[in-house]
Structures are given as structure tokens and as C-alpha cells.
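Student: Let me begin by handing over the structure; questions about it come next.
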4 protein chains.
Amino acid sequence: MKALLKPDAGPGLELADVPVPQPGPGEILVKVFGGGICGTDLHIFTWDAWARSRLAPPRVIGHEFCGTIAAVGPGATDLAVGEFISGEGHISCGRCHACRAGAPHICERLEVIGIDRDGAFAEYVVMPAANAWKVGPDISRDVAAIMDPLGNAVHAALETSLAARRVAVIGCGPIGLMAIAICHLVGAVFVAATDVSDTRLALARRMGADLVLDARTENVPVRIHETLNGEGVDVVLEMSGSERGLQDGLRALRNSGWVSVLGLPAADVRVDLANGIIFKGAHLAGIFGRKVWQTWEQGTALLRNGLDITPVITHRFPLERFAEAFELLRAGTAGKVILYV
Amino acid sequence: MKALLKPDAGPGLELADVPVPQPGPGEILVKVFGGGICGTDLHIFTWDAWARSRLAPPRVIGHEFCGTIAAVGPGATDLAVGEFISGEGHISCGRCHACRAGAPHICERLEVIGIDRDGAFAEYVVMPAANAWKVGPDISRDVAAIMDPLGNAVHAALETSLAARRVAVIGCGPIGLMAIAICHLVGAVFVAATDVSDTRLALARRMGADLVLDARTENVPVRIHETLNGEGVDVVLEMSGSERGLQDGLRALRNSGWVSVLGLPAADVRVDLANGIIFKGAHLAGIFGRKVWQTWEQGTALLRNGLDITPVITHRFPLERFAEAFELLRAGTAGKVILYV
Amino acid sequence: MKALLKPDAGPGLELADVPVPQPGPGEILVKVFGGGICGTDLHIFTWDAWARSRLAPPRVIGHEFCGTIAAVGPGATDLAVGEFISGEGHISCGRCHACRAGAPHICERLEVIGIDRDGAFAEYVVMPAANAWKVGPDISRDVAAIMDPLGNAVHAALETSLAARRVAVIGCGPIGLMAIAICHLVGAVFVAATDVSDTRLALARRMGADLVLDARTENVPVRIHETLNGEGVDVVLEMSGSERGLQDGLRALRNSGWVSVLGLPAADVRVDLANGIIFKGAHLAGIFGRKVWQTWEQGTALLRNGLDITPVITHRFPLERFAEAFELLRAGTAGKVILYV
Amino acid sequence: MKALLKPDAGPGLELADVPVPQPGPGEILVKVFGGGICGTDLHIFTWDAWARSRLAPPRVIGHEFCGTIAAVGPGATDLAVGEFISGEGHISCGRCHACRAGAPHICERLEVIGIDRDGAFAEYVVMPAANAWKVGPDISRDVAAIMDPLGNAVHAALETSLAARRVAVIGCGPIGLMAIAICHLVGAVFVAATDVSDTRLALARRMGADLVLDARTENVPVRIHETLNGEGVDVVLEMSGSERGLQDGLRALRNSGWVSVLGLPAADVRVDLANGIIFKGAHLAGIFGRKVWQTWEQGTALLRNGLDITPVITHRFPLERFAEAFELLRAGTAGKVILYV
């Protein structure tokens, strides 16, 4: 079968011909429809420090995807051939403290599809049956392909109640963009959005942000306070992974505010703990992955209730044109890019 | 000045001529614009057991209201003559355990305007400055007149997150009706509503309920489960004060569900604790009054964000026609009725 | 092997000779050391309405137990022959909404060992490997035999913070008695305990209750308020399953208080919703089973940190003398009774 | 009267003779018994950048204190001459968003006694009646003098439940030392403590820490993991205000852990957001001041229930010997130092 492969240590990817994998006990074989390219995939493509430390080529990449079950391994009793599913990319061990406490999303021995085992930018992928989320026909296949990152946005946005609250979304990559729409749908009364890319700022407007700020040229906390009669936001969703983004968010935050931190910085970040968190009595919550399966239930319910994330999908390519897709991502001129298999 | 008075122990009310009150230290005098008739007022009108045990006539009634500050007593430094305010009807002592713990809405020595001291169905009312909520011109005076009961709805609905959750509103008096609209605005993906009055069921539809059930003829939990593919609701807002309402709500509830109980039953209610609460791991929260001032901030923010409660106001009368107004309430053929002073 | 059997529909139990069961996939065979008799077992013994509606004889009973793994079925990879374990009596389905949301203790398709499948009052029991909790040598076997009901006490007591709070434990069966000791260990500054049995009231004193009240002769809420300078308790642990117990608890509760409801009433209970819950802004939480495995982790940690529940074990019998044991329970003159196999 | 005064901009303090202040409306005059020296007072003494930016001399300092009410201003109706009180040092405005939401401890216009107005290292201090906490005879005067910093420890420790949890207290100044004892009293099953002063490490042992680590020579997270069989702590109380302390705490933290951050760093701190907070799904809560009055109720209840913080008080001086006291603090060879007036 064809597969998007990191063949060996070094930059780049190649479209390769590899054997179709076979599902073992508790696993399923999925005929892939398509998937979204994640920032992680770009790290693997460029072969940065993180990728070098984590990936062991050869490896088929891709962890945001949907497809049709083509075969069911022994013991995977809840699923049947022909069912359409979206994939949860994080595989939890089921035995560590976090798993046993009902929090498998922060499993201490987490494996990731497309990183620690072969992924979904291929005609077929093998995955644990326990990682499959059945998707009904009322959800489009393009959306089903990116329910994994949608879940990140849902997890971050719903970690505290947004009802009647003011929110700042710092960083308008695909997850931030999806979060903007979610915020409004769950009762936020004001959503500011910031980014450093014209494309993304335009998408933020399209997703319904009430105030869109270019962090390259605007003083984000000052502009937010001006807009809110001198008050700060109740909630910050930090999705930029940048030091400046977190600092802006903390300055924009009201006393007793909440910060969901999802964006992964490449290095340590400097934080004004005293003024940003302590004097404000603020809460800061680390957000990783998706609560399995609460987040998926919530995301599905919101999609059925009118959540429209399709504007976030700006480009669609066949797998063969992966090079163009990665170039768009690298240039920062795309929202979410989908590869069809 | 004219005032709606309970002149002495016994049924009925009369429009009387009483002296204009004077504000003491920390108090303000308000020129009343109008107010909503509450179920409590009806109890006082009919002089039932509760009213007999609580009210000491003569008493001017009315505790949902808005108006313009006409005079400011000594020490009421944050308010000025001419400001337009809505009244918080519950006066907290500021010194009991609850007040000192930041929960004045469950003050142990609560006094209520229009019950424990003269109320607002009059040309003027004197109230503590600490009970005045300034209302801007972007909120209509009719809405300002009923921000107190709106607060009850906000308090009940926002006590748990409704984002991506299914809700049943049991009882569609004015507070239940307002709650329906709030639920949708803060992310509920399904709202069922029940009542026993055709008028109110029609209003529930108008407020946007997804499933409207006549509790006189329908099996509420069965119908809800049918509609939700065999599942229950995540949240029940009990606003009927009826035993049957609470029982229906608990049967309709999903495991780990939440019940906000606001409706005041006239007597003890029988509850199936084992099946309704224990086996389900359910939470039940008593809701009383409004969190001061969080609830008011939230209500105001929702009103500014598109919450429309005006369909709940079905009738408007001048104070002189109070008898017609109370008759409508007694017949159960009205939503919220406003008396203009 | 010998086993305590409900042979057919009707009162009583018999010591029978039955085949040793064999573990299937994902199951283990446990050589039973001993187990505690639960109130549920007494219902089965007396064959009351609940037992008639739930149990399908013949059935070996017993669901609180410990023992040594004697054989491991296919796929039960985390356990080994010779390991000593305590049994979680509730078997969750893993697929319902509650299970998928990390709350298997309120599984919608729960099965119970000793009720829905053969139990542990026998030389051997077969159970899912997923229900085994490994117990180290620092915990005595008698205690290991009752870690299931200990878990109920832990679950109820730790559902809200008891740090610096006043508590009333209503009902001093074994779970209530264990809760008394837990309350003190986790920071409760006052623990009142009530019951209607002299034996249990004496045990409540022994477990460290600060105020022990005989609910047959004392006005529980009045006595609690007197002791606390007119104030109520912050938390009630309702473990009596009696209407009067819940009513006493709600009257003894302070505004904004918390009630963990664990005791299962035999019928509907009448509750003063207005004064007991609504006006107080109280929270009431249904407590069922044990959070798997948080509760077991907490219970183990508390045992290692000095929690002593051995005074609760008042009687120990060999399995053959089960009739004496059940008679003691029926008479209400025992704490926890253990049967050794 | 005599008073410890910062006479003008520059290092040092002097014992001066100043007029006895008079209580205005809502204020009381307190005859001071004594007070604790806070780290803040040392900043003022040394006249560092923070002090220069905040203090406007001349100013009598001191904000941890107790004493006897000597006079009551108009309107301070709940207090009487002769009552013994401990002082809450933070004065909230009562009108900002935080105050109106029941969170005056993070008032947006906070004033501090001894910083923004004259303080309590004097024979008499004037303070708002609303900042006085009545202290009964069962609490010693030395303890009453430091209930303000005790409250910081209580606030930080009780912000999440410590029942059956493992805790690391980073930084063993007086607040950290008090926290160690509190942790054990409210159910923590393991308390590690770290510092960089021999005196404080010895005090940490005395307060009951299970593991005491010298952060100058030990690898704190490694040693904690070794002690806990490779697992981390559930809760970190960051009380050092040092970058290294926070970093150690985050490395020692278990997935889904909680961090109460109280220590005020002098500058921005670098944080490994990805590994320390995001991947762990950790919560970080800023802790400032004391919840008024919940924290005071909790602290009083714990003191009455056996909390002994007197070992933390290592030195006592008359006000005249203030220079020796500040020298001890500067050398880091003291716990809490009390000055008697």
C-alpha cells in the first residue's frame, strides 16, 4: 500500500510502498479516508530536535484521521467491519496511576499513533479498537478527519465554564480557530483572538472572534482592557506555545481568572508569577490530549448542535501532493490542511 | 403615595395611600418604574399558611422591581440621585457565617423586601444601597423590572456547566421559561421542558425548548429517554416545586447527573433516594436567591449577549388594575405579569 | 469445594459442596481467605422483596473478600499466581456512558459478585482480573477482607473536603463506624455520630466520635446545635438508609452544607426540600460503590497512615458457623462480622 | 506613643515617638500586644526595589498582630472595647469585581496595613473594624499575633483536598513550616519539605515532615521519586518564591497534580510549561492573602483541634530590640520572630 513515510533519520518524508499491516488482538485495521496534518507532523518533516529525540524511523506518520473498519482483530468485540470511525491518536496503558484514576489522557506511558507506531497517512492503519470513535453520517468525513484536534479545542475550552464569561484565545492555529467557535457556542459573551499571521487573523474573524488582534503590532492586554472598560478577560486559552503569548494572556486576565494552557513551547518560558498568577489568585490548567471519551462526546454533541469548523479547513490535497501541503504549513499561510488517501 | 398594601391578616390586597418613606443610613429612596408579580406575592394575596406564618401586616408588598434613585441616605456613597437601578430583593446581614464566607444569598438572617419590610409595588420604596444593581440604557425597563427572578434562573442554570449537555427544565413558570433560553445560550445541546398549563407549554416552545411535554398526560422520563436514544438528561432544573416534578426529573436523569432544585414545595416530598440519587451518583444542589453579585453580572452579560426574556412577559397592567393581574396568575394563564407604578 | 449457597427461592442459606469454578479469559481464580458479611447478604438470607427481585438461585453469595490468586485465565496479564488481593465487588461493563467517562462505579450495566454471579463465601471464587486490588503485607488479612466496605466509607467521606469542618455521621453500621475514624484522620474538627443500637453507639465512641447520640431518645439536630454554639455541621454522611436519619441530618446541616448519601432506604423517603436543601443552598451527593481505583488508593494510603478499622470487626467465625453470624447481624448487636473460609 | 517607623526613603527603621491615632467611621483603635515580622517588613527595612516603589514614608510598619480594642469609631457596631482581636492585614475595597464576587482577598484596590497606612509595630494601631477577627482565650497571644501568616499557610494548604495525598512543601519559612503541620492534620499521608537553611530544615523536621531535603545539595525531585517508589507527589505547596523551587516542585509532581503557588519571586521565573504542567495535566493556583473569613475560620478550627505552630516562633523581642530581630531574619537563622509592644 502507499504510505507517507519518514524513511530514515533526516529531514523530509517520502511516499513509499509498504505492506498492509495486520490487526493483532484488540486491534482493528482501518481503511483510511484522510487525515489532518498536525504541527507535530511538521516537526517530524523538518526533523527538529524534538523529532530526533522521539522518532525511530522508518515510521509511517499521521495521527488525525478517519476511515472505515476493514478488519477486526481477536477480542475487539465492540466494532464491526464497515463501521466508520475517527481515531483517538493517544494510546493509554490502562495500568498506570492516571489510567486507573480515570484520566487516561495523561497516561504515564502514553504512545502516539504516527510517532511511536505506524500512523494513518497510508491506505491502511492498524490501531487499538479502544481508540476508535464511531462517527455517524451526520458528521462530514472532512470533519471526522480532524476530530482529534477538535478534541484538543473542546478539552481546553470546556475545562472551566465559559457561560457569561469573556475569553481571550491566544494563538489562532487550527485548534485556536476551532476554540473561537466553541467559546461562542457555550456561552462566552466576548472572545478576543490574537495571532501573528494575516491568514490566521482573517480566519479568526471568520470564526466569529469579537476582537482580533495582531500580536506583532498591537499591545494585546492593553487593547483587551480598553475594549472591556478597563477589565480583563475571565478566561485565557493559551494556544500559541509562545512565551509572549502566555505573558500577554496573563496580563489580560482578570483577578480570579482561569488559563487553559495547551500550546507547547519549544523551551522554558519566563512567567511573571507574582503579578500574573499569585496576586490575581489565578488558576492555570495544563491541557493535553482529549479526555477519553468525555471530550469526544462533547465534541460530537457540539457538532450536532451547530458547531461549524469547516472554515478552519483551508486546503485539501491527495496524499501524493504532501510536499505542497507541508510547504503551506511551513509558510504559516494555511489553517488545517487535509490529505486524502 | 399610592401603594399595594396587605392591610391586615386575611385574603386580598388594597391600593392604599401611605406616606412616602425616608431613606436611613446606607439606604436609598427609589422612584419605582414597575415590578413583576412573584408567586410569593400570590401566596400573600391568598393569605395561605406560609403567608400567615411570615407576614406581619400592614405591609406594602413587591420585591421584583426597578426604578430611579430619588434620594440617597447618609453613607450610601456609591450611588447618586437619578441613577436607574434594579433591586435585589434579599437583604443579607453581613455578619453570619454564610455572609462572612462570601455566600450572602444564603444568609442565616435574611430579610426580604416586600415581606419583612415594605416593598416596591408603590410609588417609592426605601432599600439598602447595597441591594441596588445599576442598569444601563441597553437593558429595557421591563426587563430591568424582573432581573430578580431572571437571577434565579441564571443561578440555577449556571450552577453547573451546561456546555454540550442535555437538560430538562421541570416547570415552566417565568423562571423555568427564562431558564430555557439561558440553557441554549450557554451551550446546552438539548432542552426538554414540562408543565401542566397549556399557556406555559406554548411559551416553552416559544422560548426554544426542543421537547415540550405536558406532564398531565405524558410520561415525562419515558418520553425523554425515547427522544435521547435511551439515555437520560445530564442536568435537571427543578422549577415546579411539585413532588411529581422532582420524581420525573430524577427518573429522567443520567448517571452522574446534576439537579438544581429551585421550586419550593408546599410540603415534604417523597424521593426515591436509592434509584434517583444514590445508584446514579447524582448531585442535587439547592438553589436559593441570587449570588450577589456574580449572578447579576452573569445575567447582565447574557442580556447584552442576546438573551431575550421579553416573551416571558405576557401581561402588563397599571398598579390600579392589580386585581386583574392576580386573577391571571391564579388561573395559571400567564407568564410574568408586570405592574407599572 | 464448600460454599455458602442460596439454593433456591426462599429464606435461609446452606453450606453446600459445589464444583471449583474455572477462570475464563480475563479472569482469575482466587483461593479465598475470608470475607465480611454485608447488609446485602442479610437481605439475601432473609429473602426480602429486594432479594426476590434481584437474585436467581442457586447462587454462592459474598462480595467482600480477600485471598490468594490460585490460577490466572488467558489475558489476565497483570496478575500472577500467589499474589494476595482484595476484591472489588462491582463489575463494570467498560462500554456505557459512565464507564467511558471514567466513572465505572456508576456503570449502567453493573454486575455484582455474589449477586449476579457466584461469590466469595466459598473456598474459591472466579472474578475478573480487573477487579483485583493487590494488597501488601503491611495490611492485615482481616482488613483486606473488608476493603470493599471500607471503600464505601472512604468514597463518602472524601467526596468533599473535611479539612477543618464539622461532620455528622448518621448511622453507625460498619461503614459509618469506619467513616468516623476517617473523618478525624482527614481533618474533621468535630464528628457527631448517631445510631439506634447500644452496641453501635459504643463502637462509635471507640472509633473516636466527639458526640454520640442515641437517635431513639435524643433530638439529634437540637443536640448538635447545642454542642456547636447554635451552628450546624458542615457535612452530613447519611449511612442509615432511614428517613428519620436523612431528616435529622438535613436539620443538623449548616447553610451551604454537604450531604453524602450512602445508606439505601427500603422505600421512598420524605424530605423537607425547602428548609433542608433549598434555603440552605445545600449539596447532596449520591454515593455508590467505590471509585475504581481512586478510592482503593486512598483507602490503602489511609491504612498505611494509621487508619485503624479493626475495632469495627467485632466477630469472626469459620464459614461453617454462618448461621450464628447472620443471627448476630439480624439482632443488630455486631459491627462487622468476618467469615473465614 | 512609641512606634517602629520608616522615617524617610532609605534603609533602616527607627523607634519613634508618634501621636496615638484616632479611629474614624467604621474603624477601631487597638492596643497592640505584639506582632510577627514578615518578609515584607524585611524588604522595607532593607529598602529594596519593591519597597522603594511601594512605600511612602514616613510610615509605621507591621501587619501581623493582635491586641485589645481600646476604642471604637462610629458605625463599628459589632465590636466592643476590651475585646481581643487578631488583625487581617489586607483591606479590601468592597466595590470591585472581586469583592462583589465574594473574593475580597484578591480585591483590585487592596490596601495593606503597615504599607499603605500606618501599621501595628506601635503601642496603638487604627484599623477597619471589618478587619478584626475576635480571638478567644483558648488561643495563645503569641499565636494570635501570627494568625495572618498562619492564614496564608491554611489558604495554600486547603485550596485542594490533601486527604490521602502526598505533598511537597517547597520553602520552609514560617508559612512553609506551618503548612507542614497543617498538611498532616488534614490527611496528607506524606510530606516532603525542602529549604536551603539548616535552621529551617531542622524546624521542618520538628514540624513533622516525613522527608527533609536540603535543596543546596540534594536533587529534590529525584529524592522524592526515590522515596515514593518512583511516583511523584500529588500536591506541591510552592512557598520559596525561587525559580529553582518552582522547577523542583513541578518535576516532583505527579500527573494531574496540584500546585499552590504562594512564594513571591523577585523577578520572572522560567518554567518548563510542556513537561511541568501541560503533559501532566497539572493545575497551578495562585494563592494570595487569606479568604476572608473562611481561612480565618479554618485556621481557628485547626488551632482548636490540635494544630501547634508555636515551634515556628523561634525568637521573641521587645519592640526596642527590633534591630536584633531584623538581623536574625536577614541571616536566615530564625523561624518567626515576634516583637512585643
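Identifiers in this document derive from the order of the C-alpha cells: chains are assigned A, B, ..., residues are numbered from 1 separately in each chain, and ligands are numbered from 1 in order of occurrence.
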Against range 94-117 of chain B, which residues of range 278-309 of chain C fall within 8 Å? For each one I want the closest pair of atoms and the distance in Å (one decimal), counting only C-alpha atoms, rows by chain and increasing residue number, as CSV.

Tutor:
```
residue,atom,partner,partner_atom,distance
C:Phe279,CA,B:Ile106,CA,6.7
C:Lys280,CA,B:Ile106,CA,6.1
C:Gly281,CA,B:Ile106,CA,6.4
```

Student: May I ask you to extract the residues of chain A within 6 Å of chain D, using only C-alpha atoms, and to give them as JSON, numbers by chain?

Tutor: {"A": [264, 268, 269, 270, 271, 272, 274, 277, 278, 279, 281, 282, 283, 284, 285, 286, 287, 288]}

Student: Mind checking DSSP for range 103-252 of chain C and telling me the alpha helix (DSSP H) residues as an MDAnalysis selection string?

Tutor: chainID C and resid 141:145 147:157 174:185 198:206 220:227 243:252

Student: Identify, on the basis of only C-alpha atoms, every residue whose closest approach to range 310-327 of chain A does not exceed 6 Å; exclude the query and any residue fewer than 2 positions from it along the same chain; express the result as a PyMOL selection string.

Tutor: chain A and resi 308+329-330+335-341

Student: With a distance cut-off of 10 Å and only C-alpha atoms, select the neighbouring residues of Asp17 in chain A, excluding the residue or stretch itself and same-chain residues fewer than 2 positions from it, and output the selection as a PDB file with C-alpha atoms, in the first residue's frame.

Tutor:
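Generated file (around21.pdb):
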```pdb
ATOM      1  CA  MET A   1       0.000   0.000   0.000  1.00  0.00           C
ATOM      2  CA  LYS A   2       1.090   3.625  -0.318  1.00  0.00           C
ATOM      3  CA  ALA A   3       2.151   5.403   2.861  1.00  0.00           C
ATOM      4  CA  LEU A   4       3.749   8.699   3.867  1.00  0.00           C
ATOM      5  CA  LEU A   5       6.991   7.556   5.419  1.00  0.00           C
ATOM      6  CA  GLU A  14       8.600  10.109   1.113  1.00  0.00           C
ATOM      7  CA  LEU A  15       5.620   8.404  -0.402  1.00  0.00           C
ATOM      8  CA  PRO A  19       2.998  -3.872   3.375  1.00  0.00           C
ATOM      9  CA  VAL A  20      -0.586  -3.624   4.611  1.00  0.00           C
ATOM     10  CA  ALA A 122      -1.462   5.462   4.436  1.00  0.00           C
TER      11      ALA A 122
END
```

Student: Smallest atom-to-atom distance to Val191 in chain A: which of A:Met178, A:Val169, A:Ala76, A:Val135, using only C-alpha atoms?

Tutor: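 Of the candidates, the smallest distance to Val191 in chain A is held by A:Val169.
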
Student: Closest to Lys6 in chain B among B:Asp41, B:Asp248, B:Glu27, B:Glu64, using only C-alpha atoms?

Tutor: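 Among the listed residues, B:Asp41 lies closest to Lys6 in chain B.
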
Student: Near Ala209 in chain A, counting only C-alpha atoms, which residues have an atom at most 7 Å away, once you skip same-chain residues fewer than 6 positions from it, shown as a list in words?

Tutor: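 So, after excluding close chain neighbours, the residues are Ile180, Val191, Ala192 and Ala193 of chain A.
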
Student: Keeping N, CA, C and O atoms for every residue in the selection just given, could you write it to a file as a JSON list (two decimals), in the first residue's frame?

Tutor:
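Just written: part-v6.json:
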```json
[["chain", "number", "residue", "atom", "x", "y", "z"],
["A", 180, "ILE", "N", -12.47, 29.31, 19.07],
["A", 180, "ILE", "CA", -13.26, 30.54, 18.98],
["A", 180, "ILE", "C", -14.74, 30.21, 18.79],
["A", 180, "ILE", "O", -15.61, 30.74, 19.49],
["A", 191, "VAL", "N", -15.12, 37.18, 22.85],
["A", 191, "VAL", "CA", -13.94, 36.38, 22.51],
["A", 191, "VAL", "C", -12.96, 37.25, 21.75],
["A", 191, "VAL", "O", -13.24, 37.71, 20.64],
["A", 192, "ALA", "N", -11.80, 37.47, 22.38],
["A", 192, "ALA", "CA", -10.69, 38.11, 21.68],
["A", 192, "ALA", "C", -9.80, 37.02, 21.12],
["A", 192, "ALA", "O", -9.70, 35.94, 21.69],
["A", 193, "ALA", "N", -9.17, 37.29, 19.98],
["A", 193, "ALA", "CA", -8.26, 36.31, 19.39],
["A", 193, "ALA", "C", -7.02, 37.03, 18.91],
["A", 193, "ALA", "O", -7.10, 38.13, 18.37]]
```

Student: Which is closer to Leu303 in chain C than all the others in C:Ile85, C:Val154, C:Met239, C:Leu79, using only C-alpha atoms?

Tutor: C:Val154

Student: Hey, what does DSSP flag as strand (DSSP E or B) within range 66-234 of chain B? Can you give it to me as a PyMOL selection string?

Tutor: chain B and resi 66-72+84-87+90-91+111-113+117+122+124-128+132-134+166-170+190-195+211-214+233-234

Student: Please produce an output containing C-alpha atoms for each residue in the selection, written as a PDB file, in the first residue's frame.

Tutor:
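Output saved as result.pdb:
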```pdb
ATOM      1  CA  CYS B  66     -36.680  48.699  39.004  1.00  0.00           C
ATOM      2  CA  GLY B  67     -36.683  52.449  39.270  1.00  0.00           C
ATOM      3  CA  THR B  68     -34.775  55.681  39.576  1.00  0.00           C
ATOM      4  CA  ILE B  69     -32.899  56.776  42.670  1.00  0.00           C
ATOM      5  CA  ALA B  70     -34.779  59.737  44.141  1.00  0.00           C
ATOM      6  CA  ALA B  71     -32.784  60.272  47.336  1.00  0.00           C
ATOM      7  CA  VAL B  72     -29.696  58.880  48.956  1.00  0.00           C
ATOM      8  CA  PHE B  84     -31.553  53.718  37.263  1.00  0.00           C
ATOM      9  CA  ILE B  85     -31.387  50.500  39.260  1.00  0.00           C
ATOM     10  CA  SER B  86     -32.918  47.061  39.576  1.00  0.00           C
ATOM     11  CA  GLY B  87     -33.471  45.726  43.065  1.00  0.00           C
ATOM     12  CA  HIS B  90     -32.900  39.708  49.554  1.00  0.00           C
ATOM     13  CA  ILE B  91     -31.173  41.702  52.281  1.00  0.00           C
ATOM     14  CA  GLU B 111     -34.769  39.747  55.188  1.00  0.00           C
ATOM     15  CA  VAL B 112     -36.891  40.119  52.084  1.00  0.00           C
ATOM     16  CA  ILE B 113     -38.170  43.384  50.652  1.00  0.00           C
ATOM     17  CA  ARG B 117     -40.143  45.368  55.228  1.00  0.00           C
ATOM     18  CA  ALA B 122     -45.660  51.632  45.418  1.00  0.00           C
ATOM     19  CA  TYR B 124     -41.478  54.861  46.191  1.00  0.00           C
ATOM     20  CA  VAL B 125     -39.540  52.216  48.053  1.00  0.00           C
ATOM     21  CA  VAL B 126     -36.684  52.548  50.525  1.00  0.00           C
ATOM     22  CA  MET B 127     -33.996  49.881  50.274  1.00  0.00           C
ATOM     23  CA  PRO B 128     -30.373  49.320  51.301  1.00  0.00           C
ATOM     24  CA  ALA B 132     -29.149  48.201  44.130  1.00  0.00           C
ATOM     25  CA  TRP B 133     -27.819  46.998  40.778  1.00  0.00           C
ATOM     26  CA  LYS B 134     -27.168  49.792  38.295  1.00  0.00           C
ATOM     27  CA  ARG B 166     -28.822  17.740  27.781  1.00  0.00           C
ATOM     28  CA  VAL B 167     -31.185  19.477  30.170  1.00  0.00           C
ATOM     29  CA  ALA B 168     -34.718  19.013  31.444  1.00  0.00           C
ATOM     30  CA  VAL B 169     -36.490  22.083  32.775  1.00  0.00           C
ATOM     31  CA  ILE B 170     -39.263  20.834  35.058  1.00  0.00           C
ATOM     32  CA  PHE B 190     -30.991  19.641  24.147  1.00  0.00           C
ATOM     33  CA  VAL B 191     -33.625  21.186  26.390  1.00  0.00           C
ATOM     34  CA  ALA B 192     -36.791  19.384  27.382  1.00  0.00           C
ATOM     35  CA  ALA B 193     -39.469  21.379  29.201  1.00  0.00           C
ATOM     36  CA  THR B 194     -42.504  20.178  31.130  1.00  0.00           C
ATOM     37  CA  ASP B 195     -45.515  21.835  32.683  1.00  0.00           C
ATOM     38  CA  LEU B 211     -39.076  18.832  23.528  1.00  0.00           C
ATOM     39  CA  VAL B 212     -42.167  20.139  25.294  1.00  0.00           C
ATOM     40  CA  LEU B 213     -44.055  17.677  27.471  1.00  0.00           C
ATOM     41  CA  ASP B 214     -47.449  18.038  29.106  1.00  0.00           C
ATOM     42  CA  VAL B 233     -30.500  14.118  30.580  1.00  0.00           C
ATOM     43  CA  ASP B 234     -27.284  15.341  32.164  1.00  0.00           C
TER      44      ASP B 234
END
```

Student: Got a sec: who's within 8 Å of Ala188 in chain D, counting only C-alpha atoms, leaving out chain neighbours fewer than 3 positions off, as a PyMOL selection string?

Tutor: (chain C and resi 186) or (chain D and resi 162-167+183-185+191)

Student: So that I have them on file, write out the residues from the current selection with C-alpha atoms, as an mmCIF file, in the first residue's frame.

Tutor:
```cif
data_model
loop_
_atom_site.group_PDB
_atom_site.id
_atom_site.type_symbol
_atom_site.label_atom_id
_atom_site.label_comp_id
_atom_site.auth_asym_id
_atom_site.auth_seq_id
_atom_site.Cartn_x
_atom_site.Cartn_y
_atom_site.Cartn_z
ATOM 1 C CA VAL C 186 -8.546 13.822 57.154
ATOM 2 C CA LEU D 162 -4.976 16.827 50.905
ATOM 3 C CA ALA D 163 -6.809 13.764 52.184
ATOM 4 C CA ALA D 164 -4.753 10.642 51.446
ATOM 5 C CA ARG D 165 -2.358 12.654 49.281
ATOM 6 C CA ARG D 166 1.410 13.190 49.149
ATOM 7 C CA VAL D 167 2.671 16.745 49.451
ATOM 8 C CA CYS D 183 -0.851 19.019 55.890
ATOM 9 C CA HIS D 184 -0.575 16.182 58.370
ATOM 10 C CA LEU D 185 -3.597 17.381 60.303
ATOM 11 C CA VAL D 191 5.024 15.487 53.460
#
```

Student: Could you list, as a ChimeraX atom specification, every residue within 9 Å of Gly12 in chain C, counting only C-alpha atoms and ignoring same-chain residues fewer than 5 positions away?

Tutor: /C:6-7,44-47,323

Student: Using Å and a single decimal, report how far CA of Arg54 in chain A sits from CA of Val32 in chain A.

Tutor: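 Separation of CA of Val32 in chain A and CA of Arg54 in chain A: 24.7 Å.
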
Student: Please, what distance in Å, to one decimal, runs between CA of Gly26 in chain C and CA of Glu88 in chain C?

Tutor: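 According to the coordinates, CA of Gly26 in chain C and CA of Glu88 in chain C are separated by 15.0 Å.
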